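J.: One structure, as structure tokens, below. Some questions next.
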Amino acid sequence: MAVMYDRVALIGLGLIASSMFWAMKRADLAGEVVGYARSEETRSTARRIGLCDRICDSAIEAVEGADLVILCVPVGAMDSVAAQIAPHLKSGAVVSDVGSVKRAVIDAIGPHIPEGVHFVPAHPLAGTEQSGPESGFAELFDNRWCLLTPNGADTFETAKLRKFWEALGSKVDEMEADHHDLVLAVTSHTPHLIAYTMVGVADDLGRVTDTEVVNFSAAGFRDFTRIAASDPTMWRDVFLNNKDATLEILGRFTEELFALQRAIRQGDGDHLHDYFTRTRAVRRGIIDAGQDTDAANFGRYPAKS
Ligand code: NAP
């Protein structure tokens, strides 16, 4: 693969940025990758493990001369980081981000982008419950979707960024920002909130029943604990910045939960069976669409861990 951008700057060096670096190296997509993280600890870890070709001690230094600048910090930090780097961006540069929420991020970054610089927001739908500079790996984006929400951005630069994400291993689509936020509230944000809640409930019970919740933790609960181990800062920012869509989906979720609660109370087995048959079909659809690499586990109980 040919070099697509002579110099790429990664601001924030956690799971997503480090995975992008290794994927860029794998495909030889950048002449030079420059990195910056706010803490000295993360910068020295990055230097030690060879993350990025060069690590800078300031965000300003990192973006100077960069053709592509990607903000890989929590959603709530996008505004201040964009304000800091904006006056130092090269004319003609492209700024992008990887934030899990798009409308709030566009509103936070957009006003800082100077004349002559392009802003193309993006969101890779790929992650793990790990965080930090040592958690990344080149294959993270392989066969995963990356959604671009161009919001009127330059079409040439949008098409180029699409090719860049494809070269990182992703399938790419474009979406309007508000629609993105609603879709993600259903597929990612609310499920995370439910997992956090379930693990919280179990933790309260665990105090009552000593260590039984941990010792006899079955597949369903174990899956919840993996999701609920996700980074607290990142997820706090997701909910604070995708408030309306999350509250909308939570409202619908609560209605469904009450209906199931009533069916259990009334011994309405048909309702439960019909409901679970419908949800099982959703699962099959996801596997057929190739969106679960662990599909070999489907139908097995207990699931292989
Ligand atoms: P991460 O592993 O926790 O890394 C976050 C990075 O941002 C760290 O380098 C951290 O610096 C820096 N940072 C944190 N707070 C900051 C602040 N207030 N100002 C400046 N820098 C700050 O996070 P990640 O998982 O890579 O997530 C990064 C972005 O990708 C987020 O916007 C998230 O919504 C999005 N995203 C995440 C996933 C996922 O599953 N993890 C998937 C798709 C998109 P220090 O290390 O110096 O503290």
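By convention here, the chains of the structure tokens are called A, B, ... in the order presented, each chain's residues are numbered starting at 1, and ligands are numbered starting at 1 in the order presented.
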Using only C-alpha atoms and all ligand atoms, which residues have at least one atom no more than 8 Å from ligand 1? Output them as an MDAnalysis selection string.
T.: chainID A and resid 11:18 36:43 71:78 80:81 97:101 123:133 135 230:231 233:235 237:238
J.: Just the residues within 10 Å of stretch 175-185 of chain A, please, counting only C-alpha atoms, with nothing from its chain fewer than 6 positions along; format it as an MDAnalysis selection string.
T.: chainID A and resid 100:106 121:123 125 147:152 191:193 238:239 241:250
J.: Just checking: using only C-alpha atoms, which residue out of A:Ala82, A:Ala9, A:Met24, A:Ala167 ends up closest to A:Cys56?
T.: A:Ala9
J.: Can you pull out the residues contacting stretch 197-204 of chain A? Cut-off 10 Å, using only C-alpha atoms, and skip same-chain residues under 3 positions away; I want them as a PyMOL selection string.
T.: chain A and resi 191-194+207-214+217+221-222+224-229
J.: Which residues in stretch 69-267 of chain A does DSSP call helix (DSSP H, G or I)? List them as a PyMOL selection string.
T.: chain A and resi 75-88+103-112+138-141+155-167+177-208+212-215+219-227+232-241+243-266
J.: What separation in Å, quoted to one decimal, exists between atom CA of A:Phe137 and atom CA of A:Trp22?
T.: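 One can read the atom CA of A:Phe137 to atom CA of A:Trp22 distance as 6.1 Å.
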J.: Contacts of stretch 269-280 of chain A at 7 Å or less, counting only C-alpha atoms, minus same-chain residues fewer than 4 places along, as number ranges by chain?
T.: A: 260, 263, 284
J.: I need the residues from that last selection saved to file as a short mmCIF file (atom, residue, chain, number, x, y, z; two decimals), in the first residue's frame (with C-alpha atoms), if you can.
T.:
```cif
data_model
loop_
_atom_site.label_atom_id
_atom_site.label_comp_id
_atom_site.auth_asym_id
_atom_site.auth_seq_id
_atom_site.Cartn_x
_atom_site.Cartn_y
_atom_site.Cartn_z
CA LEU A 260 -41.55 -8.73 30.28
CA ALA A 263 -45.43 -11.54 31.54
CA ARG A 284 -28.73 -14.83 13.62
#
```
J.: Set the distance at 8 Å and use only C-alpha atoms: which residues neighbour A:Ala138 once local chain neighbours fewer than 6 positions away are removed? I'd like the list as a PyMOL selection string.
T.: chain A and resi 19-24+26
J.: Counting only C-alpha atoms, figure out which residue out of A:Ile264, A:Leu140, A:Leu29, A:Cys52 gets nearest to A:Gly169.
T.: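 Using only C-alpha atoms, the shortest distance to A:Gly169 belongs to A:Leu140.
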J.: Return the single residue from A:Lys25, A:Ile113, A:Thr190, A:Asp53 that is closest to A:Thr254, with distances computed using only C-alpha atoms.
T.: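 Checking each candidate against A:Thr254, we get A:Thr190 as the closest.
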J.: From a backbone DSSP assignment, name each residue in stretch 100-191 of chain A labelled strand (DSSP E or B), as an MDAnalysis selection string.
T.: chainID A and resid 118:119 122:124 145:148 171:174
J.: Counting only C-alpha atoms, which residue out of A:Ala259, A:Ile109, A:Glu134, A:Asp6 sits closest to A:Ile49?
T.: A:Glu134
J.: At what distance in Å, to one decimal, does atom CA of A:Gly267 lie from atom CA of A:Phe253?
T.: 20.9 Å
J.: Can you tell me, as a list of chain:residue names, what residues are no more than 9 Å from A:Asp79 when counting only C-alpha atoms, ignoring any on the same chain fewer than 5 positions away?
T.: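 Result of the neighbour search: A:Gln84, A:Val105, A:Asp107, A:Ala108, A:Ile109, A:Gly110, A:His112.
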J.: Could you turn the residues from that selection into a file that holds N, CA, C and O atoms, as a short mmCIF file (atom, residue, chain, number, x, y, z; two decimals), in the first residue's frame?
T.:
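Produced file out_2.cif, reproduced below:
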```
data_model
loop_
_atom_site.label_atom_id
_atom_site.label_comp_id
_atom_site.auth_asym_id
_atom_site.auth_seq_id
_atom_site.Cartn_x
_atom_site.Cartn_y
_atom_site.Cartn_z
N GLN A 84 -6.69 24.25 21.43
CA GLN A 84 -5.25 24.36 21.63
C GLN A 84 -4.46 24.21 20.32
O GLN A 84 -3.53 24.97 20.06
N VAL A 105 -19.43 16.20 19.16
CA VAL A 105 -18.02 16.36 18.78
C VAL A 105 -17.89 17.37 17.63
O VAL A 105 -16.98 18.20 17.61
N ASP A 107 -19.93 19.82 17.10
CA ASP A 107 -20.17 21.13 17.72
C ASP A 107 -18.96 21.60 18.54
O ASP A 107 -18.73 22.81 18.67
N ALA A 108 -18.22 20.65 19.09
CA ALA A 108 -17.06 21.02 19.91
C ALA A 108 -15.84 21.39 19.06
O ALA A 108 -15.15 22.37 19.35
N ILE A 109 -15.58 20.61 18.01
CA ILE A 109 -14.37 20.83 17.21
C ILE A 109 -14.60 21.87 16.11
O ILE A 109 -13.76 22.74 15.87
N GLY A 110 -15.75 21.74 15.44
CA GLY A 110 -16.03 22.55 14.24
C GLY A 110 -15.68 24.03 14.36
O GLY A 110 -14.95 24.57 13.51
N HIS A 112 -13.57 25.60 15.96
CA HIS A 112 -12.13 25.93 16.09
C HIS A 112 -11.38 25.78 14.78
O HIS A 112 -10.23 26.22 14.67
#
```
J.: Expressed in Å to a single decimal, how great is the separation between atom CA of A:Ala195 and atom CA of A:Gly220?
T.: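 The value is 10.2 Å.
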J.: Counting only C-alpha atoms, figure out which residue out of A:Ile70, A:Ser58, A:Gly290, A:Ala2 gets nearest to A:Val33.
T.: A:Ile70
